[in-house]
file run25.pdb (PDB, C-alpha atoms)
ATOM      1  CA  LEU N  89     -10.841  -1.818   8.143
ATOM      2  CA  PRO N  90     -12.102  -3.180   4.843
ATOM      3  CA  LEU N  91     -14.629  -5.944   5.526
ATOM      4  CA  SER N  92     -12.276  -8.555   4.032
ATOM      5  CA  LEU N  93      -9.733  -7.913   6.812
ATOM      6  CA  LEU N  94     -12.088  -7.778   9.784
ATOM      7  CA  ASN N  95     -11.912 -11.460  10.739
ATOM      8  CA  GLN N  96      -8.186 -11.603  10.047
ATOM      9  CA  TRP N  97      -7.459  -8.766  12.449
ATOM     10  CA  ASN N  98      -9.643 -10.428  15.093
ATOM     11  CA  ARG N  99      -7.800 -13.742  14.682
ATOM     12  CA  GLU N 100      -4.366 -12.122  14.824
ATOM     13  CA  ILE N 101      -5.222 -10.171  17.968
ATOM     14  CA  ARG N 102      -6.453 -13.311  19.692
ATOM     15  CA  ALA N 103      -3.378 -15.262  18.572
ATOM     16  CA  HIS N 104      -0.747 -12.718  19.598
ATOM     17  CA  THR N 105      -2.174 -11.019  22.700
ATOM     18  CA  ARG N 106      -3.283 -12.166  26.122
ATOM     19  CA  GLY N 107      -6.376 -10.907  27.881
ATOM     20  CA  LEU N 108      -7.075  -7.840  25.749
ATOM     21  CA  LYS N 109     -10.785  -7.001  25.642
ATOM     22  CA  THR N 110     -11.718  -6.925  21.957
ATOM     23  CA  HIS N 111     -15.091  -6.001  20.472
ATOM     24  CA  VAL N 112     -16.100  -6.392  16.823
ATOM     25  CA  TYR N 113     -18.437  -3.506  16.024
ATOM     26  CA  TYR N 114     -20.191  -5.249  13.152
ATOM     27  CA  GLY N 115     -23.485  -7.125  12.784
ATOM     28  CA  ASP N 116     -24.969  -7.807  16.209
ATOM     29  CA  GLY N 117     -21.942  -6.099  17.758
ATOM     30  CA  ARG N 118     -23.240  -2.715  16.568
ATOM     31  CA  TYR N 119     -25.688  -2.604  19.491
ATOM     32  CA  ALA N 120     -22.860  -1.734  21.899
ATOM     33  CA  SER N 121     -23.080   1.718  23.476
ATOM     34  CA  ALA N 122     -20.374   4.354  23.533
ATOM     35  CA  ALA N 123     -19.786   3.631  27.224
ATOM     36  CA  GLU N 124     -19.293  -0.084  26.510
ATOM     37  CA  LEU N 125     -16.860   0.697  23.692
ATOM     38  CA  SER N 126     -14.907   3.053  25.955
ATOM     39  CA  ASP N 127     -14.433   0.174  28.380
ATOM     40  CA  THR N 128     -12.981  -2.022  25.609
ATOM     41  CA  GLU N 129      -9.273  -2.067  24.786
ATOM     42  CA  ILE N 130      -9.617  -2.853  21.068
ATOM     43  CA  VAL N 131     -12.631  -2.139  18.856
ATOM     44  CA  LEU N 132     -12.695  -3.451  15.287
ATOM     45  CA  THR N 133     -15.071  -2.183  12.625
ATOM     46  CA  THR N 134     -15.247  -1.461   8.898
ATOM     47  CA  TYR N 135     -15.202   1.783   6.963
ATOM     48  CA  ASP N 136     -18.738   1.166   5.692
ATOM     49  CA  VAL N 137     -20.120   0.499   9.176
ATOM     50  CA  LEU N 138     -18.549   3.759  10.282
ATOM     51  CA  VAL N 139     -20.393   5.542   7.447
ATOM     52  CA  MET N 140     -23.702   3.891   8.387
ATOM     53  CA  ASP N 141     -23.162   4.753  12.057
ATOM     54  CA  ASP N 142     -22.617   8.398  11.132
ATOM     55  CA  ALA N 143     -25.643   8.475   8.801
ATOM     56  CA  ALA N 144     -27.914   6.931  11.454
ATOM     57  CA  ALA N 145     -26.855   9.585  13.946
ATOM     58  CA  GLN N 146     -27.664  12.376  11.511
ATOM     59  CA  GLU N 147     -31.119  10.892  10.875
ATOM     60  CA  ASP N 148     -31.713  10.973  14.638
ATOM     61  CA  GLY N 149     -30.644  14.608  14.792
ATOM     62  CA  GLN N 150     -27.311  13.874  16.452
ATOM     63  CA  GLN N 151     -23.965  15.279  15.348
ATOM     64  CA  ARG N 152     -21.964  12.162  16.142
ATOM     65  CA  GLY N 153     -22.627   8.448  15.956
ATOM     66  CA  THR N 154     -21.642   5.899  18.589
ATOM     67  CA  LEU N 155     -18.094   5.434  17.294
ATOM     68  CA  ALA N 156     -17.509   9.172  16.857
ATOM     69  CA  SER N 157     -18.717   9.810  20.434
ATOM     70  CA  VAL N 158     -15.755   7.961  21.937
ATOM     71  CA  THR N 159     -12.353   9.583  22.400
ATOM     72  CA  TRP N 160      -9.953   6.893  21.206
ATOM     73  CA  HIS N 161      -6.366   6.568  22.353
ATOM     74  CA  ARG N 162      -5.153   5.275  18.995
ATOM     75  CA  LEU N 163      -6.882   5.038  15.623
ATOM     76  CA  VAL N 164      -5.424   2.528  13.142
ATOM     77  CA  CYS N 165      -6.755   2.577   9.582
ATOM     78  CA  ASP N 166      -5.572  -0.432   7.614
ATOM     79  CA  GLU N 167      -5.631  -0.223   3.805
ATOM     80  CA  ALA N 168      -5.873   3.544   4.195
ATOM     81  CA  ALA N 169      -6.153   3.955   0.416
ATOM     82  CA  PHE N 170      -9.877   3.368   1.038
ATOM     83  CA  ILE N 171     -10.046   6.870   2.554
ATOM     84  CA  LYS N 172      -7.562   8.708   0.310
ATOM     85  CA  ASN N 173     -10.230  11.136  -0.931
ATOM     86  CA  LEU N 174     -11.478  13.526   1.745
ATOM     87  CA  ASP N 175     -14.640  14.203  -0.252
ATOM     88  CA  THR N 176     -15.937  10.630   0.180
ATOM     89  CA  LYS N 177     -18.317   9.534   2.938
ATOM     90  CA  ARG N 178     -15.767   7.031   4.261
ATOM     91  CA  ALA N 179     -13.042   9.634   4.658
ATOM     92  CA  LYS N 180     -15.398  12.164   6.231
ATOM     93  CA  ALA N 181     -16.622   9.597   8.754
ATOM     94  CA  VAL N 182     -13.055   8.689   9.734
ATOM     95  CA  TYR N 183     -12.071  12.349   9.989
ATOM     96  CA  LYS N 184     -14.870  12.908  12.534
ATOM     97  CA  LEU N 185     -13.390  10.382  14.959
ATOM     98  CA  LYS N 186     -11.811  11.837  18.086
ATOM     99  CA  THR N 187      -8.395  10.299  18.719
ATOM    100  CA  THR N 188      -5.121  11.094  20.450
ATOM    101  CA  HIS N 189      -2.989   9.214  17.937
ATOM    102  CA  ALA N 190      -3.769   8.155  14.359
ATOM    103  CA  TRP N 191      -1.969   5.645  12.136
ATOM    104  CA  MET N 192      -2.685   5.309   8.423
ATOM    105  CA  VAL N 193      -1.407   1.922   7.218
ATOM    106  CA  THR N 194      -0.994   1.616   3.456
ATOM    107  CA  GLY N 195       1.419   0.357   0.840
ATOM    108  CA  SER N 196       0.276   2.969  -1.682
ATOM    109  CA  PRO N 197       0.103   6.434  -0.083
ATOM    110  CA  VAL N 198       0.082   7.995  -3.556
ATOM    111  CA  GLN N 199      -1.698   6.409  -6.514
ATOM    112  CA  ASN N 200      -2.939   9.324  -8.628
ATOM    113  CA  ASN N 201      -1.927  12.674  -7.159
ATOM    114  CA  ILE N 202      -0.447  14.413  -4.135
ATOM    115  CA  LYS N 203      -3.892  15.149  -2.646
ATOM    116  CA  GLU N 204      -4.158  11.487  -1.612
ATOM    117  CA  LEU N 205      -1.056  11.740   0.571
ATOM    118  CA  GLN N 206      -2.230  15.084   1.917
ATOM    119  CA  THR N 207      -5.550  13.528   2.928
ATOM    120  CA  LEU N 208      -3.822  10.729   4.868
ATOM    121  CA  LEU N 209      -1.621  13.251   6.655
ATOM    122  CA  LYS N 210      -4.689  15.291   7.614
ATOM    123  CA  MET N 211      -6.204  12.085   9.014
ATOM    124  CA  CYS N 212      -3.069  11.833  11.161
ATOM    125  CA  LYS N 213      -3.910  15.290  12.556
ATOM    126  CA  PHE N 214      -1.127  17.176  10.789
ATOM    127  CA  ARG N 215      -1.885  20.865  10.587
ATOM    128  CA  HIS N 216      -3.341  21.777   7.211
ATOM    129  CA  SER N 217      -0.682  24.468   6.790
ATOM    130  CA  ASP N 218       1.992  21.752   7.077
ATOM    131  CA  VAL N 219       0.244  19.506   4.558
ATOM    132  CA  ASP N 220      -0.941  21.867   1.814
ATOM    133  CA  ARG N 221       2.456  22.150   0.165
ATOM    134  CA  SER N 222       4.121  21.259  -3.097
ATOM    135  CA  TRP N 223       5.425  17.727  -3.519
ATOM    136  CA  ARG N 224       9.066  18.642  -2.836
ATOM    137  CA  SER N 225       8.232  20.738   0.192
ATOM    138  CA  LEU N 226       5.924  18.068   1.591
ATOM    139  CA  CYS N 227       8.596  15.383   1.254
ATOM    140  CA  ARG N 228      11.152  17.526   3.081
ATOM    141  CA  HIS N 229       8.803  18.229   5.993
ATOM    142  CA  VAL N 230       6.976  14.980   6.700
ATOM    143  CA  LEU N 231       8.764  12.055   5.059
ATOM    144  CA  LEU N 232      11.549  10.208   6.848
ATOM    145  CA  ARG N 233      14.296   8.764   4.657
ATOM    146  CA  ARG N 234      17.050   6.637   6.148
ATOM    147  CA  THR N 235      19.836   4.583   4.643
ATOM    148  CA  MET N 236      21.261   1.484   6.308
ATOM    149  CA  ALA N 237      24.366   3.486   7.233
ATOM    150  CA  THR N 238      22.252   6.153   8.934
ATOM    151  CA  VAL N 239      20.284   3.592  10.934
ATOM    152  CA  ALA N 240      23.499   1.880  12.024
ATOM    153  CA  THR N 241      24.822   5.108  13.572
ATOM    154  CA  GLU N 242      21.651   6.752  14.925
ATOM    155  CA  VAL N 243      19.416   4.016  16.344
ATOM    156  CA  GLY N 244      19.908   2.673  19.854
ATOM    157  CA  THR N 245      22.514   3.732  22.380
ATOM    158  CA  PRO N 246      25.155   6.340  21.429
ATOM    159  CA  GLY N 247      27.662   4.654  19.158
ATOM    160  CA  GLY N 248      25.647   1.463  19.171
ATOM    161  CA  GLY N 249      23.118   1.844  16.406
ATOM    162  CA  LEU N 250      21.193  -1.008  14.848
ATOM    163  CA  LYS N 251      23.398  -4.089  14.611
ATOM    164  CA  MET N 252      22.529  -5.951  11.440
ATOM    165  CA  PRO N 253      23.590  -9.594  11.135
ATOM    166  CA  LYS N 254      26.196 -10.458   8.527
ATOM    167  CA  LEU N 255      24.720 -11.401   5.172
ATOM    168  CA  THR N 256      24.999 -15.100   4.372
ATOM    169  CA  GLU N 257      24.010 -16.775   1.136
ATOM    170  CA  GLU N 258      23.103 -20.425   0.781
ATOM    171  CA  VAL N 259      22.266 -22.184  -2.479
ATOM    172  CA  ARG N 260      20.111 -25.289  -2.328
ATOM    173  CA  THR N 261      19.318 -27.447  -5.327
ATOM    174  CA  LEU N 262      15.780 -28.817  -5.286
ATOM    175  CA  GLY N 263      14.607 -31.801  -7.263
ATOM    176  CA  TRP N 264      11.284 -32.169  -9.040
ATOM    177  CA  SER N 265       8.595 -33.717  -6.894
ATOM    178  CA  THR N 266       6.999 -35.621  -9.786
ATOM    179  CA  THR N 267       7.992 -36.956 -13.198
ATOM    180  CA  THR N 268       5.316 -34.790 -14.814
ATOM    181  CA  GLU N 269       6.892 -31.609 -13.415
ATOM    182  CA  ARG N 270      10.319 -32.597 -14.720
ATOM    183  CA  GLU N 271       9.040 -33.452 -18.201
ATOM    184  CA  THR N 272       7.008 -30.230 -18.424
ATOM    185  CA  TYR N 273      10.024 -28.133 -17.503
ATOM    186  CA  ARG N 274      12.256 -29.903 -20.024
ATOM    187  CA  ALA N 275       9.677 -29.341 -22.780
ATOM    188  CA  LEU N 276       9.529 -25.611 -21.969
ATOM    189  CA  GLU N 277      13.314 -25.442 -21.843
ATOM    190  CA  ALA N 278      13.582 -27.087 -25.272
ATOM    191  CA  THR N 279      11.065 -24.634 -26.751
ATOM    192  CA  ALA N 280      12.980 -21.672 -25.320
ATOM    193  CA  LYS N 281      16.232 -22.956 -26.834
ATOM    194  CA  GLU N 282      14.585 -23.321 -30.248
ATOM    195  CA  LEU N 283      13.370 -19.717 -30.101
ATOM    196  CA  ASP N 284      16.861 -18.513 -29.159
ATOM    197  CA  GLU N 285      18.337 -20.367 -32.110
ATOM    198  CA  GLU N 286      15.769 -18.888 -34.519
ATOM    199  CA  VAL N 287      16.560 -15.362 -33.320
ATOM    200  CA  ALA N 288      20.301 -15.985 -33.685
ATOM    201  CA  GLN N 289      19.850 -17.349 -37.224
ATOM    202  CA  ALA N 290      17.748 -14.332 -38.224
ATOM    203  CA  ALA N 291      20.522 -12.033 -37.024
ATOM    204  CA  LEU N 292      23.044 -13.927 -39.179
ATOM    205  CA  LEU N 293      20.825 -13.799 -42.285
ATOM    206  CA  PHE N 294      20.245 -10.027 -42.016
ATOM    207  CA  PRO N 295      23.433  -8.611 -40.451
ATOM    208  CA  ASN N 296      23.508  -5.359 -42.447
ATOM    209  CA  VAL N 297      19.956  -4.096 -41.974
ATOM    210  CA  PRO N 298      20.257  -0.469 -40.712
ATOM    211  CA  SER N 299      18.522   0.086 -37.383
ATOM    212  CA  GLU N 300      17.027   3.367 -38.696
ATOM    213  CA  GLN N 301      15.516   1.757 -41.817
ATOM    214  CA  THR N 302      11.760   2.217 -42.073
ATOM    215  CA  PRO N 303      10.001  -1.196 -41.926
ATOM    216  CA  VAL N 304       7.867  -2.257 -44.878
ATOM    217  CA  GLY N 305       4.351  -0.848 -44.468
ATOM    218  CA  ALA N 306       5.395   1.742 -41.879
ATOM    219  CA  SER N 307       5.507   5.462 -42.545
ATOM    220  CA  GLU N 308       8.429   7.722 -41.705
ATOM    221  CA  GLU N 309       6.177   9.338 -39.074
ATOM    222  CA  ASP N 310       5.635   5.970 -37.392
ATOM    223  CA  ASN N 311       9.362   5.308 -37.417
ATOM    224  CA  SER N 312      10.033   8.735 -35.938
ATOM    225  CA  LEU N 313       7.598   8.034 -33.088
ATOM    226  CA  ALA N 314       9.285   4.707 -32.425
ATOM    227  CA  ARG N 315      12.677   6.410 -32.146
ATOM    228  CA  THR N 316      11.256   9.078 -29.840
ATOM    229  CA  TRP N 317       9.751   6.560 -27.423
ATOM    230  CA  GLY N 318      13.007   4.634 -27.429
ATOM    231  CA  GLU N 319      15.120   7.570 -26.277
ATOM    232  CA  PRO N 320      14.878   8.296 -22.499
ATOM    233  CA  SER N 321      16.769  11.570 -22.981
ATOM    234  CA  SER N 322      13.777  12.995 -24.871
ATOM    235  CA  PHE N 323      11.640  13.027 -21.719
ATOM    236  CA  ASP N 324      11.656  15.829 -19.183
ATOM    237  CA  PHE N 325      11.402  14.193 -15.753
TER     238      PHE N 325
END
call {"tool": "encode", "arguments": {"input": "run25.pdb", "output": "structure tokens"}}
result
Amino acid sequence: LPLSLLNQWNREIRAHTRGLKTHVYYGDGRYASAAELSDTEIVLTTYDVLVMDDAAAQEDGQQRGTLASVTWHRLVCDEAAFIKNLDTKRAKAVYKLKTTHAWMVTGSPVQNNIKELQTLLKMCKFRHSDVDRSWRSLCRHVLLRRTMATVATEVGTPGGGLKMPKLTEEVRTLGWSTTTERETYRALEATAKELDEEVAQAALLFPNVPSEQTPVGASEEDNSLARTWGEPSSFDF
């Protein structure tokens, strides 16, 4: 986990589970042994602590640190964009962990290039031959795409599917909580109306100005660039 989420995960586990043995491997909690961690149902730590644990082991002449010595049932990496580059110390330390199952939790699996997604899939123990593909091939092999219609027919018992409740819409009108809020909104609304009127008047005063006319002070080259950027058909997606 990133350090900013460590306490939040600990609170949520305590709030929504009963009796699970949880250990925070951070600060004083780093003195726990591999045997003690193996006897714990949930262990929370940060990416940077994992790096330090690995570095300390190497200084002592050991191949694996305390965390990497345990065979975990499930590894969950929240904000997995922190380990999107397999060349970083964080990613290498995570990759060393022995685990039966691995989950990479992220809202941005791809930010810059396809290698970031490939790294996360390798963390999930996909075979490298299945991951080192082109973008189209990778999407066909490892990404799951479902429409609502597909889910309704495939999920659950045969013929049952996922029963979605009927969509209902309800409009509620809320009043302003204070006089200041109401007056501020009305002032902004009045300003917006004035701007709309000014734009409309300008259109009436200059109704015959050609859209292709070069503005005063602009070169034909500038105008050509403006037209190019304004035409989606000129791009090759």
call {"tool": "closest_residue", "arguments": {"input": "run25.pdb", "among": "N:Arg106, N:Lys203, N:Lys210, N:His161", "to": "N:Thr187", "atoms": "only C-alpha atoms"}}
result
N:His161
call {"tool": "resolve_selection", "arguments": {"input": "run25.pdb", "expression": "the PyMOL selection byres ((chain N and resi 119-128) around 8)", "output": "ChimeraX atom specification"}}
result
/N:109-111,113,116-118,129-131,154-155,157-160
call {"tool": "write_last_selection", "arguments": {"input": "run25.pdb", "atoms": "C-alpha atoms", "output": "compact mmCIF listing (two decimals), in the coordinates of the input"}}
result
# COMPACT_ATOMS: atom_id res chain seq x y z
CA LYS N 109 -10.78 -7.00 25.64
CA THR N 110 -11.72 -6.92 21.96
CA HIS N 111 -15.09 -6.00 20.47
CA TYR N 113 -18.44 -3.51 16.02
CA ASP N 116 -24.97 -7.81 16.21
CA GLY N 117 -21.94 -6.10 17.76
CA ARG N 118 -23.24 -2.72 16.57
CA GLU N 129 -9.27 -2.07 24.79
CA ILE N 130 -9.62 -2.85 21.07
CA VAL N 131 -12.63 -2.14 18.86
CA THR N 154 -21.64 5.90 18.59
CA LEU N 155 -18.09 5.43 17.29
CA SER N 157 -18.72 9.81 20.43
CA VAL N 158 -15.76 7.96 21.94
CA THR N 159 -12.35 9.58 22.40
CA TRP N 160 -9.95 6.89 21.21
call {"tool": "residues_near_point", "arguments": {"input": "run25.pdb", "point": "(-3.7, 0.8, 7.3)", "cutoff": "12 Å", "atoms": "all atoms listed in the file", "output": "list in words"}}
result
Leu89, Pro90, Leu93, Trp97, Thr134, Tyr135, Leu163, Val164, Cys165, Asp166, Glu167, Ala168, Ala169, Phe170, Ile171, Lys172, Ala190, Trp191, Met192, Val193, Thr194, Gly195, Ser196, Pro197, Leu208, Met211 and Cys212 of chain N
call {"tool": "resolve_selection", "arguments": {"input": "run25.pdb", "expression": "the PyMOL selection byres ((chain N and resi 180) around 12)", "output": "PDB file with C-alpha atoms, keeping the file's coordinate frame"}}
result
ATOM      1  CA  TYR N 135     -15.202   1.783   6.963  1.00  0.00           C
ATOM      2  CA  ASP N 136     -18.738   1.166   5.692  1.00  0.00           C
ATOM      3  CA  LEU N 138     -18.549   3.759  10.282  1.00  0.00           C
ATOM      4  CA  VAL N 139     -20.393   5.542   7.447  1.00  0.00           C
ATOM      5  CA  MET N 140     -23.702   3.891   8.387  1.00  0.00           C
ATOM      6  CA  ASP N 142     -22.617   8.398  11.132  1.00  0.00           C
ATOM      7  CA  ALA N 143     -25.643   8.475   8.801  1.00  0.00           C
ATOM      8  CA  ARG N 152     -21.964  12.162  16.142  1.00  0.00           C
ATOM      9  CA  ALA N 156     -17.509   9.172  16.857  1.00  0.00           C
ATOM     10  CA  PHE N 170      -9.877   3.368   1.038  1.00  0.00           C
ATOM     11  CA  ILE N 171     -10.046   6.870   2.554  1.00  0.00           C
ATOM     12  CA  LYS N 172      -7.562   8.708   0.310  1.00  0.00           C
ATOM     13  CA  ASN N 173     -10.230  11.136  -0.931  1.00  0.00           C
ATOM     14  CA  LEU N 174     -11.478  13.526   1.745  1.00  0.00           C
ATOM     15  CA  ASP N 175     -14.640  14.203  -0.252  1.00  0.00           C
ATOM     16  CA  THR N 176     -15.937  10.630   0.180  1.00  0.00           C
ATOM     17  CA  LYS N 177     -18.317   9.534   2.938  1.00  0.00           C
ATOM     18  CA  ARG N 178     -15.767   7.031   4.261  1.00  0.00           C
ATOM     19  CA  ALA N 179     -13.042   9.634   4.658  1.00  0.00           C
ATOM     20  CA  ALA N 181     -16.622   9.597   8.754  1.00  0.00           C
ATOM     21  CA  VAL N 182     -13.055   8.689   9.734  1.00  0.00           C
ATOM     22  CA  TYR N 183     -12.071  12.349   9.989  1.00  0.00           C
ATOM     23  CA  LYS N 184     -14.870  12.908  12.534  1.00  0.00           C
ATOM     24  CA  LEU N 185     -13.390  10.382  14.959  1.00  0.00           C
ATOM     25  CA  THR N 207      -5.550  13.528   2.928  1.00  0.00           C
ATOM     26  CA  LEU N 208      -3.822  10.729   4.868  1.00  0.00           C
ATOM     27  CA  LYS N 210      -4.689  15.291   7.614  1.00  0.00           C
ATOM     28  CA  MET N 211      -6.204  12.085   9.014  1.00  0.00           C
TER      29      MET N 211
END
call {"tool": "closest_residue", "arguments": {"input": "run25.pdb", "among": "N:Glu258, N:Ser92, N:Ala291, N:Ile202", "to": "N:Ser222", "atoms": "all atoms listed in the file"}}
result
N:Ile202
call {"tool": "atom_distance", "arguments": {"input": "run25.pdb", "atom1": "atom CA of N:Trp223", "atom2": "atom CA of N:Asn201"}}
result
9.6 Å
call {"tool": "closest_residue", "arguments": {"input": "run25.pdb", "among": "N:Ser225, N:Thr133, N:Gln289, N:Thr266", "to": "N:Leu94", "atoms": "only C-alpha atoms"}}
result
N:Thr133
call {"tool": "closest_residue", "arguments": {"input": "run25.pdb", "among": "N:Ala280, N:Leu132, N:Ala288, N:Leu108", "to": "N:Asn95", "atoms": "all atoms listed in the file"}}
result
N:Leu132
call {"tool": "atom_distance", "arguments": {"input": "run25.pdb", "atom1": "atom CA of N:Leu292", "atom2": "atom CA of N:Thr279"}}
result
20.3 Å
call {"tool": "closest_residue", "arguments": {"input": "run25.pdb", "among": "N:Arg221, N:Leu205, N:Glu271, N:Lys213", "to": "N:Thr188", "atoms": "all atoms listed in the file"}}
result
N:Lys213
call {"tool": "atom_distance", "arguments": {"input": "run25.pdb", "atom1": "atom CA of N:Arg99", "atom2": "atom CA of N:Lys186"}}
result
26.1 Å
call {"tool": "closest_residue", "arguments": {"input": "run25.pdb", "among": "N:Ser217, N:Asn98, N:Gln206, N:Asn200", "to": "N:Leu231", "atoms": "all atoms listed in the file"}}
result
N:Gln206
call {"tool": "build_atoms", "arguments": {"input": "run25.pdb", "residues": "stretch 274-286 of chain N", "atoms": "N, CA, C and O atoms", "output": "compact mmCIF listing (two decimals), in the frame of the given file"}}
result
# COMPACT_ATOMS: atom_id res chain seq x y z
N ARG N 274 11.34 -29.61 -18.93
CA ARG N 274 12.26 -29.90 -20.02
C ARG N 274 11.65 -29.53 -21.38
O ARG N 274 12.36 -29.07 -22.28
N ALA N 275 10.34 -29.72 -21.53
CA ALA N 275 9.68 -29.34 -22.78
C ALA N 275 9.72 -27.82 -22.97
O ALA N 275 10.00 -27.32 -24.07
N LEU N 276 9.46 -27.06 -21.89
CA LEU N 276 9.53 -25.61 -21.97
C LEU N 276 10.95 -25.14 -22.24
O LEU N 276 11.18 -24.20 -23.02
N GLU N 277 11.92 -25.80 -21.64
CA GLU N 277 13.31 -25.44 -21.84
C GLU N 277 13.73 -25.67 -23.29
O GLU N 277 14.42 -24.84 -23.90
N ALA N 278 13.26 -26.78 -23.88
CA ALA N 278 13.58 -27.09 -25.27
C ALA N 278 12.96 -26.06 -26.22
O ALA N 278 13.59 -25.62 -27.18
N THR N 279 11.73 -25.65 -25.92
CA THR N 279 11.06 -24.63 -26.75
C THR N 279 11.80 -23.31 -26.69
O THR N 279 11.99 -22.61 -27.70
N ALA N 280 12.25 -22.93 -25.49
CA ALA N 280 12.98 -21.67 -25.32
C ALA N 280 14.29 -21.70 -26.09
O ALA N 280 14.69 -20.71 -26.72
N LYS N 281 14.97 -22.84 -26.09
CA LYS N 281 16.23 -22.96 -26.83
C LYS N 281 16.00 -22.84 -28.33
O LYS N 281 16.79 -22.23 -29.05
N GLU N 282 14.91 -23.42 -28.82
CA GLU N 282 14.58 -23.32 -30.25
C GLU N 282 14.33 -21.87 -30.65
O GLU N 282 14.79 -21.41 -31.70
N LEU N 283 13.62 -21.13 -29.81
CA LEU N 283 13.37 -19.72 -30.10
C LEU N 283 14.67 -18.91 -30.12
O LEU N 283 14.87 -18.04 -30.97
N ASP N 284 15.57 -19.20 -29.18
CA ASP N 284 16.86 -18.51 -29.16
C ASP N 284 17.65 -18.78 -30.44
O ASP N 284 18.28 -17.87 -31.00
N GLU N 285 17.61 -20.01 -30.89
CA GLU N 285 18.34 -20.37 -32.11
C GLU N 285 17.75 -19.67 -33.33
O GLU N 285 18.47 -19.21 -34.22
N GLU N 286 16.42 -19.56 -33.40
CA GLU N 286 15.77 -18.89 -34.52
C GLU N 286 16.14 -17.40 -34.57
O GLU N 286 16.39 -16.85 -35.63
